[in-house]
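Novice: Structure provided below as structure tokens; questions to follow.
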Amino acid sequence: MAFPSKPGCPVCGIVAAAAVHAPGQSPRSHSPDEPAEPEILWKDENFTAYREKAHPVSSSGHIIIAFNLHVPSIYTLSSSDLPLLVNVRNLGRRLLSASSPPSSSPFSSGNSSTAPSAPHTESQFRIGFITPPFKDNKIPITDHLHAHAYLAPADLLGWWRGVAYGPLAWYAVDDLIAEIRESVSNNRVKSGYDDRINAPIDTVPEAGARTGAANGDEYIASGLAIPDLEDGLVSPNSYNTSFASSASGLIPHLHV
């Protein structure tokens, strides 16, 4: 399934502009009368990550990780996209740690004369998706899949925006990964307990992405990821896709 860029989509515009600019730079210069362009922090074959400067939810750091393809929602993903979701989580943690040192805030004017504080703890990382029909009214993008990564506490989040980042609409990427794995395998991966971050299954990003029969045949839907042949990854299209339409490989809809 193809997901071409959509004319007029602001995220597609950012992805296209980032393709010709190095990370850490704004896509283009702008006049004082024009809105500031986002600061690109990361760009690869699958994702474009940029710092949310206009309306961050946390003064300690807020990053948006957008899929390069115009994927409409998380419900378009299947179990074959588990490695992509693992990459979203790892990329979010790495960018938040690198772009927001504990001793200072990237969004503050900065009189940072205080001594450096302790490194960020795992409990501070918030990485996930806002599920439709909910949206962040300050960042009202609903039809181009993107993840939000920020550092708790969300001290710039008002009560109305808080609905989008609360339990009613927020889908943490760790919970999403765990639920997909449970839906397609016999791996019962709980989320929410203290050792969830260091679960052994998380050392295998592809865990749960491949399904098959007892005779060794594999049935998997084509994933969205662009394979990295240098790493020895096989194109998803090379797998048997006769069971691609199986509902068991799709993310169940959220009932609210």
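Simple scheme: letters A, B, ... for chains in structure tokens order, numbers from 1 for residues in each chain, numbers from 1 for ligands in the order shown.
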Taking 2 positions as the minimum chain separation for residues in the same chain, which residues sit within 12 Å of Leu91 (chain A) when counting only C-alpha atoms? Answer as a PyMOL selection string.

Specialist: chain A and resi 41-44+46-50+63-66+83-89+93-99+125+127-128+147-150+173

Novice: Please return as a VMD selection string: the residues of region 136-178 of chain A that backbone DSSP assigns to helix (DSSP H, G or I).

Specialist: chain A and resid 159 to 162 173 to 178

Novice: Within 10 Å of region 2-9 of chain A, which residues of region 129-190 of chain A come that close, and what is the closest atom pair and distance in Å for each? Count only C-alpha atoms and give it as a Markdown table.

Specialist:
| residue | atom | partner | partner_atom | distance |
| --- | --- | --- | --- | --- |
| A:Ile141 | CA | A:Cys9 | CA | 8.5 |
| A:Asp143 | CA | A:Cys9 | CA | 8.5 |
| A:His144 | CA | A:Cys9 | CA | 7.8 |

Novice: Compile the contact shell of Thr131 (chain A) as a list in words: residues with an atom at most 9 Å away, counting only C-alpha atoms, same-chain residues fewer than 4 positions apart removed.

Specialist: Ser73, Ile74, Lys135, Thr142, Ala164, Leu168, Ala169, Trp170, Tyr171 and Leu254 of chain A

Novice: Produce a file of the selected residues containing N, CA, C and O atoms, as a PDB file, in the first residue's frame.

Specialist:
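Writing the result to result13.pdb gives the following:
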ATOM      1  N   SER A  73      -3.045   7.018  10.282  1.00  0.00           N
ATOM      2  CA  SER A  73      -3.202   6.812  11.730  1.00  0.00           C
ATOM      3  C   SER A  73      -2.501   5.526  12.137  1.00  0.00           C
ATOM      4  O   SER A  73      -2.042   4.741  11.288  1.00  0.00           O
ATOM      5  N   ILE A  74      -2.455   5.281  13.442  1.00  0.00           N
ATOM      6  CA  ILE A  74      -1.821   4.055  13.934  1.00  0.00           C
ATOM      7  C   ILE A  74      -2.596   2.818  13.515  1.00  0.00           C
ATOM      8  O   ILE A  74      -2.041   1.720  13.464  1.00  0.00           O
ATOM      9  N   LYS A 135      -7.166  15.281  19.350  1.00  0.00           N
ATOM     10  CA  LYS A 135      -6.028  15.971  18.773  1.00  0.00           C
ATOM     11  C   LYS A 135      -5.557  17.049  19.731  1.00  0.00           C
ATOM     12  O   LYS A 135      -6.290  17.469  20.637  1.00  0.00           O
ATOM     13  N   THR A 142      -4.132  15.669  12.155  1.00  0.00           N
ATOM     14  CA  THR A 142      -4.861  14.440  12.478  1.00  0.00           C
ATOM     15  C   THR A 142      -4.711  13.341  11.440  1.00  0.00           C
ATOM     16  O   THR A 142      -5.064  12.193  11.723  1.00  0.00           O
ATOM     17  N   ALA A 164      -5.795  15.534  25.340  1.00  0.00           N
ATOM     18  CA  ALA A 164      -5.117  14.813  24.269  1.00  0.00           C
ATOM     19  C   ALA A 164      -3.929  14.014  24.783  1.00  0.00           C
ATOM     20  O   ALA A 164      -3.559  12.992  24.182  1.00  0.00           O
ATOM     21  N   LEU A 168      -7.361   9.147  28.163  1.00  0.00           N
ATOM     22  CA  LEU A 168      -8.453   8.941  27.214  1.00  0.00           C
ATOM     23  C   LEU A 168      -7.967   8.890  25.772  1.00  0.00           C
ATOM     24  O   LEU A 168      -8.523   8.161  24.950  1.00  0.00           O
ATOM     25  N   ALA A 169      -6.925   9.653  25.446  1.00  0.00           N
ATOM     26  CA  ALA A 169      -6.481   9.762  24.059  1.00  0.00           C
ATOM     27  C   ALA A 169      -5.046   9.323  23.826  1.00  0.00           C
ATOM     28  O   ALA A 169      -4.681   8.988  22.705  1.00  0.00           O
ATOM     29  N   TRP A 170      -4.237   9.312  24.864  1.00  0.00           N
ATOM     30  CA  TRP A 170      -2.808   9.022  24.711  1.00  0.00           C
ATOM     31  C   TRP A 170      -2.573   7.523  24.608  1.00  0.00           C
ATOM     32  O   TRP A 170      -3.101   6.737  25.388  1.00  0.00           O
ATOM     33  N   TYR A 171      -1.777   7.120  23.612  1.00  0.00           N
ATOM     34  CA  TYR A 171      -1.400   5.716  23.429  1.00  0.00           C
ATOM     35  C   TYR A 171       0.111   5.658  23.514  1.00  0.00           C
ATOM     36  O   TYR A 171       0.811   5.942  22.539  1.00  0.00           O
ATOM     37  N   LEU A 254      -9.380   1.368  19.165  1.00  0.00           N
ATOM     38  CA  LEU A 254      -9.546   1.789  20.543  1.00  0.00           C
ATOM     39  C   LEU A 254     -10.995   2.172  20.781  1.00  0.00           C
ATOM     40  O   LEU A 254     -11.577   2.944  20.013  1.00  0.00           O
TER      41      LEU A 254
END

Novice: Which region 112-165 of chain A residues have any atom within 12 Å of an atom of region 54-61 of chain A, and for each, what is the nearest pair of atoms with distance in Å to one decimal, counting only C-alpha atoms, rows sorted by chain and number, as JSON lines?

Specialist:
{"residue": "A:His120", "atom": "CA", "partner": "A:Ser60", "partner_atom": "CA", "distance": 10.4}
{"residue": "A:Gln124", "atom": "CA", "partner": "A:Ser60", "partner_atom": "CA", "distance": 10.0}
{"residue": "A:Phe125", "atom": "CA", "partner": "A:Gly61", "partner_atom": "CA", "distance": 9.9}
{"residue": "A:Arg126", "atom": "CA", "partner": "A:Gly61", "partner_atom": "CA", "distance": 10.4}
{"residue": "A:Ile127", "atom": "CA", "partner": "A:Gly61", "partner_atom": "CA", "distance": 11.7}
{"residue": "A:Asp136", "atom": "CA", "partner": "A:His55", "partner_atom": "CA", "distance": 9.9}
{"residue": "A:Asn137", "atom": "CA", "partner": "A:His55", "partner_atom": "CA", "distance": 10.0}
{"residue": "A:Lys138", "atom": "CA", "partner": "A:His55", "partner_atom": "CA", "distance": 6.5}
{"residue": "A:Ile139", "atom": "CA", "partner": "A:His55", "partner_atom": "CA", "distance": 7.5}
{"residue": "A:Pro140", "atom": "CA", "partner": "A:His55", "partner_atom": "CA", "distance": 11.2}
{"residue": "A:His148", "atom": "CA", "partner": "A:Val57", "partner_atom": "CA", "distance": 9.8}
{"residue": "A:Ala149", "atom": "CA", "partner": "A:Gly61", "partner_atom": "CA", "distance": 8.0}
{"residue": "A:Tyr150", "atom": "CA", "partner": "A:Gly61", "partner_atom": "CA", "distance": 5.3}
{"residue": "A:Leu151", "atom": "CA", "partner": "A:Gly61", "partner_atom": "CA", "distance": 5.7}
{"residue": "A:Ala152", "atom": "CA", "partner": "A:Ser58", "partner_atom": "CA", "distance": 6.8}
{"residue": "A:Pro153", "atom": "CA", "partner": "A:Ser58", "partner_atom": "CA", "distance": 6.5}
{"residue": "A:Ala154", "atom": "CA", "partner": "A:Ser58", "partner_atom": "CA", "distance": 4.4}
{"residue": "A:Asp155", "atom": "CA", "partner": "A:Ser58", "partner_atom": "CA", "distance": 5.3}
{"residue": "A:Leu156", "atom": "CA", "partner": "A:Val57", "partner_atom": "CA", "distance": 4.7}
{"residue": "A:Leu157", "atom": "CA", "partner": "A:Val57", "partner_atom": "CA", "distance": 4.9}
{"residue": "A:Gly158", "atom": "CA", "partner": "A:Val57", "partner_atom": "CA", "distance": 8.4}
{"residue": "A:Trp159", "atom": "CA", "partner": "A:Val57", "partner_atom": "CA", "distance": 11.2}
{"residue": "A:Trp160", "atom": "CA", "partner": "A:Val57", "partner_atom": "CA", "distance": 11.9}
{"residue": "A:Arg161", "atom": "CA", "partner": "A:Val57", "partner_atom": "CA", "distance": 8.7}
{"residue": "A:Gly162", "atom": "CA", "partner": "A:Val57", "partner_atom": "CA", "distance": 9.1}
{"residue": "A:Ala164", "atom": "CA", "partner": "A:Val57", "partner_atom": "CA", "distance": 11.1}
{"residue": "A:Tyr165", "atom": "CA", "partner": "A:Val57", "partner_atom": "CA", "distance": 9.3}

Novice: Taking N, CA and C atoms for each residue, export the selection above as a short mmCIF file (atom, residue, chain, number, x, y, z; two decimals), in the first residue's frame.

Specialist:
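Resulting contents of again_13.cif:
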data_model
loop_
_atom_site.label_atom_id
_atom_site.label_comp_id
_atom_site.auth_asym_id
_atom_site.auth_seq_id
_atom_site.Cartn_x
_atom_site.Cartn_y
_atom_site.Cartn_z
N HIS A 120 18.41 12.37 33.14
CA HIS A 120 16.99 12.08 33.05
C HIS A 120 16.72 10.63 33.40
N GLN A 124 10.73 9.92 33.18
CA GLN A 124 10.48 11.25 32.63
C GLN A 124 10.11 11.21 31.15
N PHE A 125 10.48 10.15 30.46
CA PHE A 125 10.23 10.08 29.03
C PHE A 125 8.76 9.77 28.76
N ARG A 126 8.15 10.59 27.94
CA ARG A 126 6.77 10.36 27.49
C ARG A 126 6.80 10.31 25.95
N ILE A 127 6.58 9.13 25.41
CA ILE A 127 6.63 8.94 23.96
C ILE A 127 5.38 8.17 23.55
N ASP A 136 -4.32 17.47 19.53
CA ASP A 136 -3.79 18.62 20.25
C ASP A 136 -4.27 19.85 19.52
N ASN A 137 -5.07 20.67 20.15
CA ASN A 137 -5.66 21.81 19.46
C ASN A 137 -4.62 22.86 19.07
N LYS A 138 -3.43 22.79 19.65
CA LYS A 138 -2.35 23.70 19.26
C LYS A 138 -1.52 23.14 18.10
N ILE A 139 -1.58 21.81 17.92
CA ILE A 139 -0.88 21.15 16.82
C ILE A 139 -1.91 20.25 16.14
N PRO A 140 -2.87 20.82 15.44
CA PRO A 140 -4.06 20.08 14.98
C PRO A 140 -3.82 19.24 13.73
N HIS A 148 4.60 12.00 19.60
CA HIS A 148 5.08 13.07 20.47
C HIS A 148 6.05 12.48 21.49
N ALA A 149 7.16 13.15 21.68
CA ALA A 149 8.14 12.74 22.69
C ALA A 149 8.48 13.97 23.53
N TYR A 150 8.24 13.87 24.82
CA TYR A 150 8.54 15.01 25.68
C TYR A 150 8.98 14.50 27.05
N LEU A 151 9.54 15.42 27.82
CA LEU A 151 10.03 15.10 29.15
C LEU A 151 9.04 15.60 30.19
N ALA A 152 8.62 14.71 31.07
CA ALA A 152 7.73 15.10 32.16
C ALA A 152 8.51 15.92 33.19
N PRO A 153 7.81 16.84 33.86
CA PRO A 153 6.37 17.09 33.79
C PRO A 153 5.99 17.99 32.61
N ALA A 154 4.75 17.85 32.17
CA ALA A 154 4.23 18.68 31.08
C ALA A 154 3.75 19.99 31.67
N ASP A 155 4.71 20.85 32.02
CA ASP A 155 4.40 22.07 32.76
C ASP A 155 3.80 23.17 31.89
N LEU A 156 3.80 23.01 30.56
CA LEU A 156 3.20 24.00 29.67
C LEU A 156 1.87 23.52 29.10
N LEU A 157 1.34 22.46 29.67
CA LEU A 157 0.13 21.85 29.15
C LEU A 157 -1.08 22.35 29.93
N GLY A 158 -1.98 23.04 29.24
CA GLY A 158 -3.21 23.48 29.87
C GLY A 158 -4.19 22.33 30.04
N TRP A 159 -5.29 22.60 30.72
CA TRP A 159 -6.22 21.50 31.01
C TRP A 159 -6.90 21.00 29.74
N TRP A 160 -7.17 21.90 28.77
CA TRP A 160 -7.86 21.47 27.55
C TRP A 160 -6.94 20.61 26.69
N ARG A 161 -5.69 21.04 26.52
CA ARG A 161 -4.74 20.22 25.78
C ARG A 161 -4.42 18.95 26.53
N GLY A 162 -4.58 18.99 27.83
CA GLY A 162 -4.29 17.82 28.65
C GLY A 162 -5.15 16.62 28.31
N ALA A 164 -5.79 15.53 25.34
CA ALA A 164 -5.12 14.81 24.27
C ALA A 164 -3.93 14.01 24.78
N TYR A 165 -3.32 14.46 25.87
CA TYR A 165 -2.15 13.78 26.42
C TYR A 165 -2.50 12.96 27.66
#

Novice: Counting only C-alpha atoms, which residue out of A:Tyr75, A:Leu176, A:Leu69, A:His62 sits closest to Pro132 (chain A)?

Specialist: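 Between A:Tyr75, A:Leu176, A:Leu69, A:His62, the residue approaching Pro132 (chain A) most closely is A:Tyr75.
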
Novice: So, counting only C-alpha atoms, which residue among A:Ser78, A:Val20, A:Val163, A:Val204 is closest to Ser183 (chain A)?

Specialist: A:Ser78

Novice: Grab the CA of Ala214 (chain A) to CA of Thr76 (chain A) distance for me, in Å with one decimal place.

Specialist: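 Here the two named atoms are 27.6 Å from each other.
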